[in-house]
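work.cif follows (mmCIF, C-alpha atoms):
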```cif
data_input
loop_
_atom_site.group_PDB
_atom_site.id
_atom_site.type_symbol
_atom_site.label_atom_id
_atom_site.label_comp_id
_atom_site.auth_asym_id
_atom_site.auth_seq_id
_atom_site.Cartn_x
_atom_site.Cartn_y
_atom_site.Cartn_z
ATOM 1 C CA MET A 29 0.000 0.000 0.000
ATOM 2 C CA LEU A 30 1.303 3.416 -0.970
ATOM 3 C CA ILE A 31 1.570 5.947 1.856
ATOM 4 C CA ILE A 32 0.809 9.409 0.475
ATOM 5 C CA PRO A 33 1.424 12.369 2.800
ATOM 6 C CA ALA A 34 -0.808 15.389 2.225
ATOM 7 C CA ILE A 35 -0.273 19.108 1.908
ATOM 8 C CA ASP A 36 -3.344 21.349 1.881
ATOM 9 C CA LEU A 37 -2.809 24.901 0.633
ATOM 10 C CA ILE A 38 -4.560 28.151 1.556
ATOM 11 C CA GLU A 39 -2.979 31.387 0.348
ATOM 12 C CA GLY A 40 0.344 29.635 -0.146
ATOM 13 C CA ARG A 41 0.487 28.207 3.358
ATOM 14 C CA CYS A 42 0.308 24.607 4.500
ATOM 15 C CA VAL A 43 -2.850 24.018 6.571
ATOM 16 C CA ARG A 44 -5.150 21.278 7.800
ATOM 17 C CA LEU A 45 -8.902 21.621 8.082
ATOM 18 C CA LEU A 46 -11.331 19.804 10.354
ATOM 19 C CA GLN A 47 -14.050 18.086 8.311
ATOM 20 C CA GLY A 48 -13.446 20.517 5.457
ATOM 21 C CA ARG A 49 -14.357 23.611 7.487
ATOM 22 C CA PHE A 50 -12.378 26.689 6.513
ATOM 23 C CA ASP A 51 -13.114 28.225 9.918
ATOM 24 C CA GLN A 52 -11.361 25.247 11.516
ATOM 25 C CA ALA A 53 -7.961 25.624 9.850
ATOM 26 C CA THR A 54 -4.652 24.972 11.586
ATOM 27 C CA VAL A 55 -1.646 26.565 9.883
ATOM 28 C CA TYR A 56 1.511 24.448 9.769
ATOM 29 C CA GLY A 57 3.831 26.699 7.809
ATOM 30 C CA ASP A 58 5.775 26.677 4.575
ATOM 31 C CA PRO A 59 4.756 24.033 2.002
ATOM 32 C CA PHE A 60 8.239 23.912 0.450
ATOM 33 C CA GLU A 61 9.765 22.980 3.792
ATOM 34 C CA GLN A 62 7.062 20.380 4.366
ATOM 35 C CA LEU A 63 7.512 18.894 0.910
ATOM 36 C CA ALA A 64 11.268 18.686 1.438
ATOM 37 C CA ALA A 65 10.703 16.908 4.749
ATOM 38 C CA PHE A 66 8.379 14.379 3.120
ATOM 39 C CA GLU A 67 10.916 13.752 0.371
ATOM 40 C CA ALA A 68 13.732 13.319 2.894
ATOM 41 C CA ALA A 69 11.609 10.762 4.745
ATOM 42 C CA GLY A 70 11.289 8.692 1.579
ATOM 43 C CA ALA A 71 7.897 9.642 0.132
ATOM 44 C CA GLU A 72 7.332 8.657 -3.500
ATOM 45 C CA TRP A 73 4.114 10.656 -3.894
ATOM 46 C CA VAL A 74 2.674 13.714 -2.148
ATOM 47 C CA HIS A 75 -1.000 14.656 -2.290
ATOM 48 C CA ILE A 76 -1.577 18.412 -2.662
ATOM 49 C CA VAL A 77 -4.980 20.029 -2.322
ATOM 50 C CA ASP A 78 -5.528 23.586 -3.523
ATOM 51 C CA LEU A 79 -8.203 24.671 -1.060
ATOM 52 C CA ASP A 80 -8.395 28.169 -2.514
ATOM 53 C CA GLY A 81 -9.129 26.657 -5.920
ATOM 54 C CA ALA A 82 -11.698 24.285 -4.448
ATOM 55 C CA LYS A 83 -13.515 27.222 -2.870
ATOM 56 C CA ASP A 84 -13.121 29.641 -5.787
ATOM 57 C CA GLY A 85 -11.832 28.470 -9.160
ATOM 58 C CA ALA A 86 -10.549 31.956 -9.939
ATOM 59 C CA ARG A 87 -8.052 31.662 -7.065
ATOM 60 C CA ARG A 88 -6.442 28.389 -8.143
ATOM 61 C CA GLN A 89 -2.811 27.999 -7.026
ATOM 62 C CA THR A 90 -1.535 26.266 -10.165
ATOM 63 C CA SER A 91 1.688 28.262 -10.225
ATOM 64 C CA LEU A 92 2.490 27.256 -6.652
ATOM 65 C CA ALA A 93 1.775 23.602 -7.445
ATOM 66 C CA GLY A 94 4.219 23.880 -10.329
ATOM 67 C CA ARG A 95 6.922 25.433 -8.179
ATOM 68 C CA LEU A 96 6.468 22.724 -5.579
ATOM 69 C CA SER A 97 6.739 20.053 -8.249
ATOM 70 C CA ALA A 98 9.909 21.604 -9.647
ATOM 71 C CA ALA A 99 11.436 21.860 -6.170
ATOM 72 C CA SER A 100 11.137 18.167 -5.414
ATOM 73 C CA GLY A 101 11.866 14.754 -6.839
ATOM 74 C CA VAL A 102 8.608 13.268 -5.552
ATOM 75 C CA LYS A 103 5.573 12.822 -7.760
ATOM 76 C CA ILE A 104 2.780 15.303 -7.100
ATOM 77 C CA GLN A 105 -0.880 14.334 -7.094
ATOM 78 C CA CYS A 106 -2.843 17.587 -7.048
ATOM 79 C CA GLY A 107 -6.477 18.644 -7.033
ATOM 80 C CA GLY A 108 -8.840 21.342 -5.898
ATOM 81 C CA GLY A 109 -11.273 23.171 -8.146
ATOM 82 C CA VAL A 110 -10.493 21.222 -11.314
ATOM 83 C CA ARG A 111 -13.589 21.874 -13.408
ATOM 84 C CA ARG A 112 -12.395 22.204 -17.009
ATOM 85 C CA LYS A 113 -10.065 20.416 -19.374
ATOM 86 C CA ASP A 114 -7.888 23.543 -19.353
ATOM 87 C CA ASP A 115 -7.451 23.144 -15.582
ATOM 88 C CA LEU A 116 -5.996 19.668 -16.091
ATOM 89 C CA ALA A 117 -3.745 20.803 -18.912
ATOM 90 C CA ALA A 118 -2.421 23.692 -16.809
ATOM 91 C CA LEU A 119 -1.522 21.387 -13.919
ATOM 92 C CA PHE A 120 0.153 18.871 -16.203
ATOM 93 C CA ASP A 121 2.085 21.672 -17.880
ATOM 94 C CA ALA A 122 3.171 22.845 -14.426
ATOM 95 C CA GLY A 123 4.710 19.436 -13.726
ATOM 96 C CA VAL A 124 1.993 17.696 -11.713
ATOM 97 C CA ALA A 125 2.086 13.925 -12.256
ATOM 98 C CA ARG A 126 -1.573 13.156 -11.489
ATOM 99 C CA VAL A 127 -4.604 15.429 -11.266
ATOM 100 C CA VAL A 128 -7.455 14.827 -8.837
ATOM 101 C CA ILE A 129 -10.974 15.626 -10.037
ATOM 102 C CA GLY A 130 -13.703 15.906 -7.418
ATOM 103 C CA SER A 131 -17.128 17.485 -7.920
ATOM 104 C CA THR A 132 -16.851 17.438 -11.702
ATOM 105 C CA ALA A 133 -16.335 13.669 -11.623
ATOM 106 C CA VAL A 134 -19.760 13.397 -9.985
ATOM 107 C CA LYS A 135 -21.576 16.111 -11.905
ATOM 108 C CA GLN A 136 -20.105 15.538 -15.376
ATOM 109 C CA PRO A 137 -18.933 11.919 -15.584
ATOM 110 C CA GLU A 138 -19.191 11.687 -19.368
ATOM 111 C CA GLU A 139 -16.899 14.687 -19.762
ATOM 112 C CA VAL A 140 -14.434 13.280 -17.243
ATOM 113 C CA ARG A 141 -14.382 9.923 -19.047
ATOM 114 C CA HIS A 142 -13.306 11.786 -22.176
ATOM 115 C CA TRP A 143 -10.505 13.478 -20.222
ATOM 116 C CA ILE A 144 -9.332 10.103 -18.918
ATOM 117 C CA GLU A 145 -9.244 8.753 -22.462
ATOM 118 C CA GLU A 146 -7.264 11.775 -23.637
ATOM 119 C CA PHE A 147 -4.744 12.152 -20.820
ATOM 120 C CA GLY A 148 -4.513 8.527 -19.683
ATOM 121 C CA ALA A 149 -5.968 6.599 -16.746
ATOM 122 C CA ASP A 150 -2.749 6.798 -14.717
ATOM 123 C CA LYS A 151 -2.761 10.602 -14.825
ATOM 124 C CA ILE A 152 -6.229 11.175 -13.358
ATOM 125 C CA CYS A 153 -7.718 10.282 -9.979
ATOM 126 C CA CYS A 154 -11.407 10.835 -9.285
ATOM 127 C CA ALA A 155 -12.182 11.863 -5.724
ATOM 128 C CA PHE A 156 -15.452 10.969 -4.035
ATOM 129 C CA ASP A 157 -16.156 12.614 -0.685
ATOM 130 C CA VAL A 158 -18.935 10.911 1.223
ATOM 131 C CA ARG A 159 -21.196 11.392 4.194
ATOM 132 C CA ILE A 160 -22.226 8.179 5.902
ATOM 133 C CA GLU A 161 -25.974 8.279 6.442
ATOM 134 C CA GLU A 162 -28.386 6.015 8.293
ATOM 135 C CA LYS A 163 -27.921 2.293 7.657
ATOM 136 C CA GLY A 164 -24.395 2.974 6.416
ATOM 137 C CA ALA A 165 -25.300 4.454 3.049
ATOM 138 C CA ALA A 166 -22.564 6.642 1.550
ATOM 139 C CA ALA A 167 -23.900 9.843 -0.052
ATOM 140 C CA VAL A 168 -21.542 11.840 -2.233
ATOM 141 C CA ALA A 169 -20.872 15.464 -1.274
ATOM 142 C CA THR A 170 -19.649 18.038 -3.792
ATOM 143 C CA HIS A 171 -18.467 21.657 -4.070
ATOM 144 C CA GLY A 172 -16.204 21.734 -1.062
ATOM 145 C CA TRP A 173 -18.534 19.385 0.827
ATOM 146 C CA LYS A 174 -21.244 22.052 0.947
ATOM 147 C CA GLU A 175 -23.690 20.038 -1.170
ATOM 148 C CA THR A 176 -24.845 16.504 -0.421
ATOM 149 C CA GLY A 177 -27.345 15.324 -2.986
ATOM 150 C CA GLU A 178 -29.138 12.058 -3.583
ATOM 151 C CA THR A 179 -26.235 10.456 -5.440
ATOM 152 C CA SER A 180 -24.833 7.428 -3.656
ATOM 153 C CA LEU A 181 -21.205 6.432 -3.970
ATOM 154 C CA GLY A 182 -22.280 3.301 -5.808
ATOM 155 C CA ASP A 183 -24.271 5.302 -8.342
ATOM 156 C CA ALA A 184 -21.402 7.742 -8.853
ATOM 157 C CA LEU A 185 -18.964 4.898 -9.488
ATOM 158 C CA ALA A 186 -21.432 3.183 -11.832
ATOM 159 C CA CYS A 187 -20.800 6.061 -14.245
ATOM 160 C CA TYR A 188 -17.263 4.678 -14.584
ATOM 161 C CA PRO A 189 -17.503 1.052 -15.718
ATOM 162 C CA ALA A 190 -14.480 -1.229 -15.613
ATOM 163 C CA GLY A 191 -11.755 0.145 -17.836
ATOM 164 C CA ALA A 192 -13.012 3.733 -17.777
ATOM 165 C CA LEU A 193 -11.175 4.727 -14.586
ATOM 166 C CA LYS A 194 -8.208 3.439 -12.612
ATOM 167 C CA HIS A 195 -7.562 5.619 -9.538
ATOM 168 C CA ILE A 196 -10.129 6.827 -7.010
ATOM 169 C CA LEU A 197 -9.767 8.648 -3.713
ATOM 170 C CA VAL A 198 -12.555 8.195 -1.169
ATOM 171 C CA THR A 199 -12.854 10.429 1.891
ATOM 172 C CA ASP A 200 -15.247 9.886 4.778
ATOM 173 C CA ILE A 201 -15.932 13.536 5.581
ATOM 174 C CA SER A 202 -16.868 12.899 9.215
ATOM 175 C CA ARG A 203 -13.387 11.546 9.875
ATOM 176 C CA ASP A 204 -11.301 14.044 7.909
ATOM 177 C CA GLY A 205 -8.866 15.866 10.164
ATOM 178 C CA ALA A 206 -10.484 14.313 13.232
ATOM 179 C CA LEU A 207 -7.864 11.619 13.965
ATOM 180 C CA SER A 208 -10.766 9.270 14.710
ATOM 181 C CA GLY A 209 -9.643 6.336 12.586
ATOM 182 C CA PRO A 210 -10.369 5.625 8.915
ATOM 183 C CA ASN A 211 -13.517 4.016 7.572
ATOM 184 C CA VAL A 212 -11.987 0.606 7.002
ATOM 185 C CA ALA A 213 -15.349 -1.053 6.371
ATOM 186 C CA LEU A 214 -16.090 1.347 3.514
ATOM 187 C CA THR A 215 -12.682 0.683 1.973
ATOM 188 C CA ALA A 216 -13.107 -3.079 2.236
ATOM 189 C CA ARG A 217 -16.555 -2.896 0.637
ATOM 190 C CA LEU A 218 -15.211 -0.840 -2.265
ATOM 191 C CA VAL A 219 -12.315 -3.237 -2.797
ATOM 192 C CA LYS A 220 -14.802 -6.115 -2.954
ATOM 193 C CA ASP A 221 -17.301 -4.335 -5.215
ATOM 194 C CA ARG A 222 -14.826 -2.600 -7.538
ATOM 195 C CA GLY A 223 -11.747 -4.746 -7.818
ATOM 196 C CA ASP A 224 -10.870 -2.961 -11.061
ATOM 197 C CA LEU A 225 -10.055 0.250 -9.184
ATOM 198 C CA GLU A 226 -7.000 1.298 -7.190
ATOM 199 C CA ILE A 227 -8.531 2.849 -4.089
ATOM 200 C CA GLN A 228 -6.877 5.547 -2.022
ATOM 201 C CA ALA A 229 -8.436 5.891 1.422
ATOM 202 C CA SER A 230 -8.564 9.289 3.085
ATOM 203 C CA GLY A 231 -9.818 10.668 6.361
ATOM 204 C CA GLY A 232 -9.156 9.771 9.968
ATOM 205 C CA VAL A 233 -5.784 7.999 9.936
ATOM 206 C CA SER A 234 -4.334 8.462 13.418
ATOM 207 C CA SER A 235 -1.943 5.571 13.977
ATOM 208 C CA LEU A 236 0.243 2.966 12.334
ATOM 209 C CA ALA A 237 -2.439 0.436 13.276
ATOM 210 C CA ASP A 238 -4.922 2.383 11.151
ATOM 211 C CA LEU A 239 -2.580 2.054 8.192
ATOM 212 C CA GLY A 240 -2.263 -1.660 8.853
ATOM 213 C CA ALA A 241 -6.043 -2.003 8.842
ATOM 214 C CA LEU A 242 -6.347 -0.185 5.515
ATOM 215 C CA ARG A 243 -3.576 -2.329 4.064
ATOM 216 C CA ALA A 244 -5.406 -5.480 5.199
ATOM 217 C CA ALA A 245 -8.628 -4.146 3.658
ATOM 218 C CA GLY A 246 -6.930 -3.939 0.273
ATOM 219 C CA ALA A 247 -6.431 -0.199 -0.139
ATOM 220 C CA ALA A 248 -3.948 0.710 -2.851
ATOM 221 C CA GLY A 249 -3.014 3.893 -1.015
ATOM 222 C CA ALA A 250 -3.652 5.890 2.137
ATOM 223 C CA ILE A 251 -3.642 9.664 2.393
ATOM 224 C CA VAL A 252 -2.060 10.775 5.660
ATOM 225 C CA GLY A 253 -2.255 14.334 6.868
ATOM 226 C CA LYS A 254 -2.926 15.552 10.371
ATOM 227 C CA ALA A 255 -1.429 12.501 12.062
ATOM 228 C CA LEU A 256 1.949 13.420 10.583
ATOM 229 C CA TYR A 257 1.626 17.099 11.433
ATOM 230 C CA GLU A 258 0.644 16.247 14.997
ATOM 231 C CA ALA A 259 3.522 13.726 15.262
ATOM 232 C CA ARG A 260 1.293 10.739 16.013
ATOM 233 C CA PHE A 261 3.896 8.725 14.085
ATOM 234 C CA THR A 262 6.675 9.468 11.621
ATOM 235 C CA LEU A 263 6.461 9.143 7.873
ATOM 236 C CA GLU A 264 9.570 6.938 8.018
ATOM 237 C CA ASP A 265 7.745 4.484 10.287
ATOM 238 C CA ALA A 266 4.637 4.581 8.097
ATOM 239 C CA LEU A 267 6.669 3.844 4.968
ATOM 240 C CA ALA A 268 8.515 1.016 6.741
ATOM 241 C CA GLY A 269 5.230 -0.696 7.556
#
```
Now that the file is in, can you turn its structure into structure tokens?
Amino acid sequence: MLIIPAIDLIEGRCVRLLQGRFDQATVYGDPFEQLAAFEAAGAEWVHIVDLDGAKDGARRQTSLAGRLSAASGVKIQCGGGVRRKDDLAALFDAGVARVVIGSTAVKQPEEVRHWIEEFGADKICCAFDVRIEEKGAAAVATHGWKETGETSLGDALACYPAGALKHILVTDISRDGALSGPNVALTARLVKDRGDLEIQASGGVSSLADLGALRAAGAAGAIVGKALYEARFTLEDALAG
């Protein structure tokens, strides 16, 4: 399982949010220093989220993502406010290795399938952020988690039949930034139902045991953020697991 440390960006600074709330942001400092630290620890990939772009597409931090990519030897997976083909092209031109598409993957799946065909399945990851409702149903939230419609995770993924998509990132919103443990059951269910997909689990990782549980569930990758910033464990130890 790939361990992917995360850097969330607001106004050029490295931050972490609690359950996606911009009024619950903790600032951790300079993203270049953080990226260098992740690289020194042995990271192969780093997950970067442009929170300004996610909130307002006109404020996308593409240039910063490019400078971060150029400053490091790690591969950058970057998303946040990617709504048009031009947004993908700009990030690829900036040096990003893989682009993450969130709300648009839910709202415009046909368009996104065309982008995957054009750019390649390895270069695009579709992100599905979910709220767990009564009886365990997973409802997809979009637009910075402000909108939760009637689309279930299963229905959203059904728009991408086998062969149309390779990488997905699934976040249980209730656990994001809360250090409450990941939704292992959701990951295991997805692995069983969609064995054609490489699933990155996000939200709630707080310990090396959590990573072990996700690995046992069959996750292809785990996004780790606040646990590293709060020194719950080291990236070196996570990578050694």
What are the closest atom pairs, with distances in Å to one decimal, for all residues of range 60-172 of chain A lying within 10 Å of range 206-225 of chain A? Consider only C-alpha atoms, order rows by chain and residue number, and present the result as a Markdown table.
```
| residue | atom | partner | partner_atom | distance |
| --- | --- | --- | --- | --- |
| A:Ile160 | CA | A:Leu214 | CA | 9.5 |
| A:Gly164 | CA | A:Leu214 | CA | 8.9 |
| A:Ala165 | CA | A:Leu214 | CA | 9.7 |
| A:Ala166 | CA | A:Leu214 | CA | 8.6 |
```
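Between CA of Ala71 in chain A and CA of Leu263 in chain A the separation is 7.9 Å.
Considering only C-alpha atoms, the residue among A:Leu30, A:Cys42, A:Ala86, A:Val127 positioned nearest to Val252 in chain A is A:Leu30.
Interatomic distance, CA of Trp73 in chain A against CA of Pro33 in chain A: 7.4 Å.
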Here's the selection I'm unsure about, the PyMOL selection byres ((chain A and resi 136) around 12); applied to the file above, which residues does it give, as number ranges by chain? A: 110-113, 129-135, 137-143, 154, 170, 184, 187-188
Using all atoms listed in the file, what table do you get, as a tab-separated table, when you list each residue of range 248-268 of chain A with an atom no more than 9 Å from range 235-238 of chain A, its nearest pair of atoms, and their distance in Å rounded to one decimal, rows by chain then rising number?
```
residue	atom	partner	partner_atom	distance
A:Ala255	CA	A:Ser235	CA	7.2
A:Arg260	CA	A:Ser235	CA	6.4
A:Phe261	CA	A:Ser235	CA	6.6
A:Asp265	CA	A:Leu236	CA	7.9
A:Ala266	CA	A:Leu236	CA	6.3
```
How far is it from CA of Leu96 in chain A to CA of Gly109 in chain A, in Å with one decimal? 17.9 Å
